[in-house]
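Some notes on the structure that comes next.
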Amino acid sequence: MATVDTAAAEPHAPPAPSRPCAPLAQRSPSVAVPEQPHASGVSGSPHPDAGGPPPTSTLIGSVQRAMRLLETVAAHTYGAPAKQLARETALALPTTYHLLRTLVHEGYLRREKGLFFLGEAAERLGSSGAQQKRRSAVADTLAHWRDSIGVPVYYAMYRDGEIDIMCVSDSPEAPAVEEWADFRETGHAHAIGKCLLSQLDEDARRDHLSRYPVTSITPYTVRDNDALLRRLARMPRMEPVVERQEYALGTICAAVPITVGTTVATMAMSLPSHQADRLLPAARRLQTEIGRHLGTLTLSISI
């Protein structure tokens, strides 16, 4: 299988000074948990997060009733009237009306001709959950390839005119490359960027370079916009792109193009340059794995 090696034959500029930077990794956002006051009239009640089920005295009944209403409305594709919802949730009718008005006001429900349906706010919650599920599917797949191939694995997309690193899976044994220069602005220098740009048409490439022109990152970086465009024009479609020390000295990378419909994406990997003999076999294995699982990933890669 052919691969495209974009490395320059000879260095042509002094190396840029390195800057300390933490390696890329999957980061879980920190969530601040607000201090929860005790329920009115309950002194010294255990905190709900202390372990085990929360005491009923710390639960908010109106929230529970609102959630029951939302779940009941969701079960009625064609909507349901307030009286039916009150009956099915075992809530008093005045309470049901009060909660329904509040949920409609907040956008979690909508009312049409006396029937209640899920509103845009509730649908956004469902959409966010589905998106998180797709992200998890991609992250799990990358982690599997990271462990089985023994390399850090990256997933990136080109969307809205930008290079977007969607997910990185690495480990202490297979650390990701340090992002010492913004990946979005240096697509000309790394395999991920060149692989994504190679899937665009000429006008889209020139538009990208008008916003992020070629600059020297290391002695091996492509010289200028025209030189990069010539390289991109020579790249065979759907073949891995290999880059050697153009983005970071001591690091080599390979990226495999993925095109699903109008989605332009890539899976990539990196290695220290002293493991150069592993690069092409690992890239071929990654491409094989992608081809084997692309069908199941098709719905997930557009996260």
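Every chain in the structure tokens takes a letter, A first, then B, and so on in the order presented; its residues are numbered from 1, and the ligands are numbered from 1 following the presented order.
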field: 12 Å contact set for Val241 in chain A, only C-alpha atoms, chain neighbours under 5 positions out, as a ChimeraX atom specification
entry: /A:1-7,189-199,231-232,234-236,252-258,266-270,279-280,283-284,287
Save the residues we just selected, C-alpha atoms, as a PDB file, in the first residue's frame?
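Saved to again-v7.pdb:
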```pdb
ATOM      1  CA  MET A   1       0.000   0.000   0.000  1.00  0.00           C
ATOM      2  CA  ALA A   2       1.364   3.360  -0.936  1.00  0.00           C
ATOM      3  CA  THR A   3       1.974   6.004   1.668  1.00  0.00           C
ATOM      4  CA  VAL A   4       2.664   9.681   1.211  1.00  0.00           C
ATOM      5  CA  ASP A   5       5.801  10.910   2.952  1.00  0.00           C
ATOM      6  CA  THR A   6       5.770  14.678   3.208  1.00  0.00           C
ATOM      7  CA  ALA A   7       9.115  15.137   4.943  1.00  0.00           C
ATOM      8  CA  ALA A 189       3.316  21.036   9.481  1.00  0.00           C
ATOM      9  CA  HIS A 190       1.652  17.942  10.934  1.00  0.00           C
ATOM     10  CA  ALA A 191       0.229  14.811   9.344  1.00  0.00           C
ATOM     11  CA  ILE A 192      -3.254  15.455  10.715  1.00  0.00           C
ATOM     12  CA  GLY A 193      -3.482  18.847   9.015  1.00  0.00           C
ATOM     13  CA  LYS A 194      -2.015  17.723   5.698  1.00  0.00           C
ATOM     14  CA  CYS A 195      -4.292  14.686   5.640  1.00  0.00           C
ATOM     15  CA  LEU A 196      -7.364  16.877   6.174  1.00  0.00           C
ATOM     16  CA  LEU A 197      -6.234  19.499   3.655  1.00  0.00           C
ATOM     17  CA  SER A 198      -5.544  16.778   1.080  1.00  0.00           C
ATOM     18  CA  GLN A 199      -9.260  15.896   1.138  1.00  0.00           C
ATOM     19  CA  ARG A 231       2.599  18.348  -2.198  1.00  0.00           C
ATOM     20  CA  LEU A 232      -1.130  18.164  -1.528  1.00  0.00           C
ATOM     21  CA  ARG A 234       0.446  14.964  -5.593  1.00  0.00           C
ATOM     22  CA  MET A 235      -1.077  12.983  -2.732  1.00  0.00           C
ATOM     23  CA  PRO A 236      -3.045   9.894  -3.802  1.00  0.00           C
ATOM     24  CA  ILE A 252       7.063  11.343  13.387  1.00  0.00           C
ATOM     25  CA  CYS A 253       3.391  10.947  12.511  1.00  0.00           C
ATOM     26  CA  ALA A 254       1.030   9.205  10.112  1.00  0.00           C
ATOM     27  CA  ALA A 255      -2.608  10.065   9.368  1.00  0.00           C
ATOM     28  CA  VAL A 256      -5.261   8.014   7.594  1.00  0.00           C
ATOM     29  CA  PRO A 257      -7.997   9.927   5.694  1.00  0.00           C
ATOM     30  CA  ILE A 258     -11.661   9.229   6.421  1.00  0.00           C
ATOM     31  CA  THR A 266      -8.725  11.551   9.919  1.00  0.00           C
ATOM     32  CA  MET A 267      -7.351   9.085  12.433  1.00  0.00           C
ATOM     33  CA  ALA A 268      -3.676   9.577  13.161  1.00  0.00           C
ATOM     34  CA  MET A 269      -0.830   8.282  15.299  1.00  0.00           C
ATOM     35  CA  SER A 270       2.589   9.486  16.388  1.00  0.00           C
ATOM     36  CA  LEU A 279       5.657   3.971  11.744  1.00  0.00           C
ATOM     37  CA  LEU A 280       4.555   2.425   8.445  1.00  0.00           C
ATOM     38  CA  ALA A 283      -0.081   3.127  10.022  1.00  0.00           C
ATOM     39  CA  ARG A 284      -1.085   0.168   7.837  1.00  0.00           C
ATOM     40  CA  GLN A 287      -5.907   1.867   8.372  1.00  0.00           C
TER      41      GLN A 287
END
```
Write out as a tab-separated table (two decimals) with all heavy atoms, in the first residue's frame the residues lying within 9 Å of Ala174 in chain A, counting only C-alpha atoms and excluding same-chain residues fewer than 5 positions away.
```tsv
chain	number	residue	atom	x	y	z
A	146	ARG	N	-5.20	2.29	20.61
A	146	ARG	CA	-3.99	2.73	21.33
A	146	ARG	C	-3.31	1.54	22.01
A	146	ARG	O	-2.09	1.36	21.91
A	146	ARG	CB	-4.39	3.76	22.39
A	146	ARG	CG	-3.27	4.22	23.31
A	146	ARG	CD	-3.85	4.81	24.57
A	146	ARG	NE	-4.52	3.80	25.38
A	146	ARG	CZ	-5.47	4.05	26.27
A	146	ARG	NH1	-5.88	5.29	26.46
A	146	ARG	NH2	-6.02	3.07	26.96
A	147	ASP	N	-4.11	0.71	22.68
A	147	ASP	CA	-3.53	-0.41	23.42
A	147	ASP	C	-3.09	-1.54	22.52
A	147	ASP	O	-2.07	-2.18	22.76
A	147	ASP	CB	-4.54	-0.91	24.46
A	147	ASP	CG	-4.85	0.13	25.53
A	147	ASP	OD1	-4.02	1.03	25.73
A	147	ASP	OD2	-5.93	0.04	26.16
A	150	GLY	N	-0.24	0.06	20.25
A	150	GLY	CA	0.85	0.59	21.07
A	150	GLY	C	1.29	1.98	20.67
A	150	GLY	O	2.48	2.32	20.78
A	151	VAL	N	0.34	2.81	20.20
A	151	VAL	CA	0.66	4.18	19.78
A	151	VAL	C	-0.45	5.11	20.29
A	151	VAL	O	-1.59	4.67	20.49
A	151	VAL	CB	0.74	4.30	18.24
A	151	VAL	CG1	1.89	3.48	17.69
A	151	VAL	CG2	-0.58	3.89	17.58
A	152	PRO	N	-0.15	6.39	20.50
A	152	PRO	CA	-1.23	7.33	20.77
A	152	PRO	C	-2.06	7.53	19.50
A	152	PRO	O	-1.50	7.58	18.39
A	152	PRO	CB	-0.50	8.62	21.16
A	152	PRO	CG	0.85	8.50	20.53
A	152	PRO	CD	1.17	7.03	20.52
A	270	SER	N	1.26	8.90	16.35
A	270	SER	CA	2.59	9.49	16.39
A	270	SER	C	3.54	8.56	17.12
A	270	SER	O	3.12	7.72	17.93
A	270	SER	CB	2.56	10.86	17.07
A	270	SER	OG	2.13	10.73	18.42
A	271	LEU	N	4.83	8.74	16.84
A	271	LEU	CA	5.89	7.94	17.46
A	271	LEU	C	7.13	8.80	17.62
A	271	LEU	O	7.34	9.75	16.85
A	271	LEU	CB	6.22	6.73	16.59
A	271	LEU	CG	5.27	5.53	16.62
A	271	LEU	CD1	5.64	4.55	15.51
A	271	LEU	CD2	5.31	4.83	17.98
```
*In Å, rounded to a single decimal, give me how far CA of Ser169 in chain A is from CA of Leu142 in chain A.*
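Between these atoms lies a distance of 6.0 Å.
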* So which residues touch Leu100 in chain A within 8 Å, counting only C-alpha atoms, skipping near sequence neighbours fewer than 5 positions away, as a count of residues only? -> 3
Fill in: alpha helix (DSSP H) per DSSP on the backbone: members of range 39-265 of chain A, as number ranges by chain
A: 61-74, 82-89, 93-105, 120-145, 191-198, 202-211, 225-234
Exercise for review: From the DSSP assignment of the backbone, select every residue of range 152-282 of chain A that is strand (DSSP E), and format the answer as a PyMOL selection string.
Suggested key: chain A and resi 153-159+162-169+241-244+251-260+263-272
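CA of Tyr247 in chain A to CA of His293 in chain A spans 29.2 Å [interatomic distance, one decimal].
Residues surrounding range 117-119 of chain A within 6 Å are Gly79, Gly107, Tyr108, Leu109, Arg110 and Ala122 of chain A [only C-alpha atoms; sequence separation below 3 positions excluded].
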> Distance CA of Gly187 in chain A-CA of Pro272 in chain A, one decimal place?
Replying inline: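 Taking CA of Gly187 in chain A and CA of Pro272 in chain A, their separation equals 19.4 Å.
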List as a VMD selection string the protein and nucleic acid residues near Ala66 in chain A, meaning an atom at most 12 Å away when only C-alpha atoms are counted, but skip any in the same chain fewer than 4 places from it.
chain A and resid 60 to 62 70 to 73 85 to 86 89 91 95 to 104 106 108 to 109
Write out, as a tab-separated table (two decimals), in the first residue's frame, the residues just selected, with N, CA, C and O atoms.
```
chain	number	residue	atom	x	y	z
A	60	ILE	N	-36.24	16.90	46.91
A	60	ILE	CA	-37.18	17.99	46.63
A	60	ILE	C	-38.35	17.40	45.87
A	60	ILE	O	-38.23	16.99	44.71
A	61	GLY	N	-39.49	17.37	46.52
A	61	GLY	CA	-40.65	16.70	45.95
A	61	GLY	C	-41.12	17.29	44.64
A	61	GLY	O	-41.52	16.57	43.73
A	62	SER	N	-41.06	18.64	44.52
A	62	SER	CA	-41.54	19.25	43.29
A	62	SER	C	-40.69	18.86	42.10
A	62	SER	O	-41.21	18.70	40.98
A	70	LEU	N	-42.47	14.85	33.01
A	70	LEU	CA	-41.69	14.83	31.77
A	70	LEU	C	-41.62	13.41	31.20
A	70	LEU	O	-41.78	13.21	30.00
A	71	GLU	N	-41.36	12.44	32.06
A	71	GLU	CA	-41.28	11.06	31.58
A	71	GLU	C	-42.61	10.59	31.01
A	71	GLU	O	-42.65	9.86	30.00
A	72	THR	N	-43.70	11.00	31.65
A	72	THR	CA	-45.02	10.58	31.18
A	72	THR	C	-45.36	11.23	29.85
A	72	THR	O	-45.89	10.57	28.93
A	73	VAL	N	-45.05	12.53	29.71
A	73	VAL	CA	-45.27	13.21	28.43
A	73	VAL	C	-44.44	12.55	27.33
A	73	VAL	O	-44.92	12.35	26.20
A	85	LEU	N	-52.49	13.21	32.18
A	85	LEU	CA	-51.16	13.21	32.80
A	85	LEU	C	-51.28	13.16	34.32
A	85	LEU	O	-50.49	12.47	34.98
A	86	ALA	N	-52.26	13.88	34.87
A	86	ALA	CA	-52.47	13.84	36.32
A	86	ALA	C	-52.84	12.44	36.77
A	86	ALA	O	-52.34	11.94	37.80
A	89	THR	N	-49.76	10.01	36.51
A	89	THR	CA	-48.68	10.29	37.46
A	89	THR	C	-49.16	10.28	38.91
A	89	THR	O	-48.35	10.46	39.82
A	91	LEU	N	-50.88	12.50	40.40
A	91	LEU	CA	-50.74	13.83	40.98
A	91	LEU	C	-52.09	14.52	41.02
A	91	LEU	O	-52.97	14.26	40.18
A	95	THR	N	-51.92	20.54	41.15
A	95	THR	CA	-50.45	20.41	41.13
A	95	THR	C	-49.96	20.16	39.71
A	95	THR	O	-48.96	20.73	39.26
A	96	THR	N	-50.68	19.30	38.99
A	96	THR	CA	-50.31	19.00	37.61
A	96	THR	C	-50.34	20.25	36.75
A	96	THR	O	-49.40	20.52	35.98
A	97	TYR	N	-51.40	21.04	36.86
A	97	TYR	CA	-51.49	22.27	36.08
A	97	TYR	C	-50.35	23.23	36.41
A	97	TYR	O	-49.74	23.84	35.52
A	98	HIS	N	-50.04	23.36	37.69
A	98	HIS	CA	-48.97	24.26	38.11
A	98	HIS	C	-47.62	23.82	37.51
A	98	HIS	O	-46.86	24.64	36.97
A	99	LEU	N	-47.33	22.53	37.62
A	99	LEU	CA	-46.06	22.03	37.09
A	99	LEU	C	-46.02	22.13	35.56
A	99	LEU	O	-44.98	22.47	34.97
A	100	LEU	N	-47.13	21.84	34.91
A	100	LEU	CA	-47.17	21.92	33.45
A	100	LEU	C	-46.91	23.35	32.97
A	100	LEU	O	-46.15	23.57	32.02
A	101	ARG	N	-47.52	24.33	33.64
A	101	ARG	CA	-47.30	25.72	33.25
A	101	ARG	C	-45.83	26.10	33.40
A	101	ARG	O	-45.25	26.78	32.56
A	102	THR	N	-45.23	25.65	34.50
A	102	THR	CA	-43.81	25.95	34.74
A	102	THR	C	-42.93	25.31	33.68
A	102	THR	O	-42.01	25.95	33.14
A	103	LEU	N	-43.19	24.05	33.36
A	103	LEU	CA	-42.37	23.34	32.37
A	103	LEU	C	-42.54	23.93	30.97
A	103	LEU	O	-41.59	23.96	30.19
A	104	VAL	N	-43.74	24.39	30.66
A	104	VAL	CA	-43.96	25.05	29.38
A	104	VAL	C	-43.20	26.37	29.34
A	104	VAL	O	-42.53	26.71	28.35
A	106	GLU	N	-40.49	27.17	30.86
A	106	GLU	CA	-39.05	26.92	30.78
A	106	GLU	C	-38.64	26.22	29.48
A	106	GLU	O	-37.45	26.02	29.23
A	108	TYR	N	-39.39	23.10	28.52
A	108	TYR	CA	-39.25	21.65	28.58
A	108	TYR	C	-40.49	20.94	28.03
A	108	TYR	O	-40.41	19.78	27.63
A	109	LEU	N	-41.60	21.65	28.01
A	109	LEU	CA	-42.82	21.14	27.38
A	109	LEU	C	-43.39	22.23	26.48
A	109	LEU	O	-43.05	23.41	26.62
```
| Distance criterion (only C-alpha atoms): nearest to Gly250 in chain A out of A:Ser171, A:Ser136, A:Thr218, A:Ser210 |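 That would be A:Thr218, the residue with the smallest distance to Gly250 in chain A.
Remark: for Glu243 in chain A, the closest of the candidate residues A:His76, A:Arg65, A:His188, A:Lys113 is A:His188 (distances computed over only C-alpha atoms).
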Would you mind listing what lies within 8 Å of Val214 in chain A as a ChimeraX atom specification, with only C-alpha atoms counted and same-chain residues fewer than 6 positions away left out? /A:186,188,222-225
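When only C-alpha atoms are used to measure the gap to Ala248 in chain A, the shortest distance among A:Asp170, A:Glu120, A:Glu178, A:Glu88 belongs to A:Glu178.
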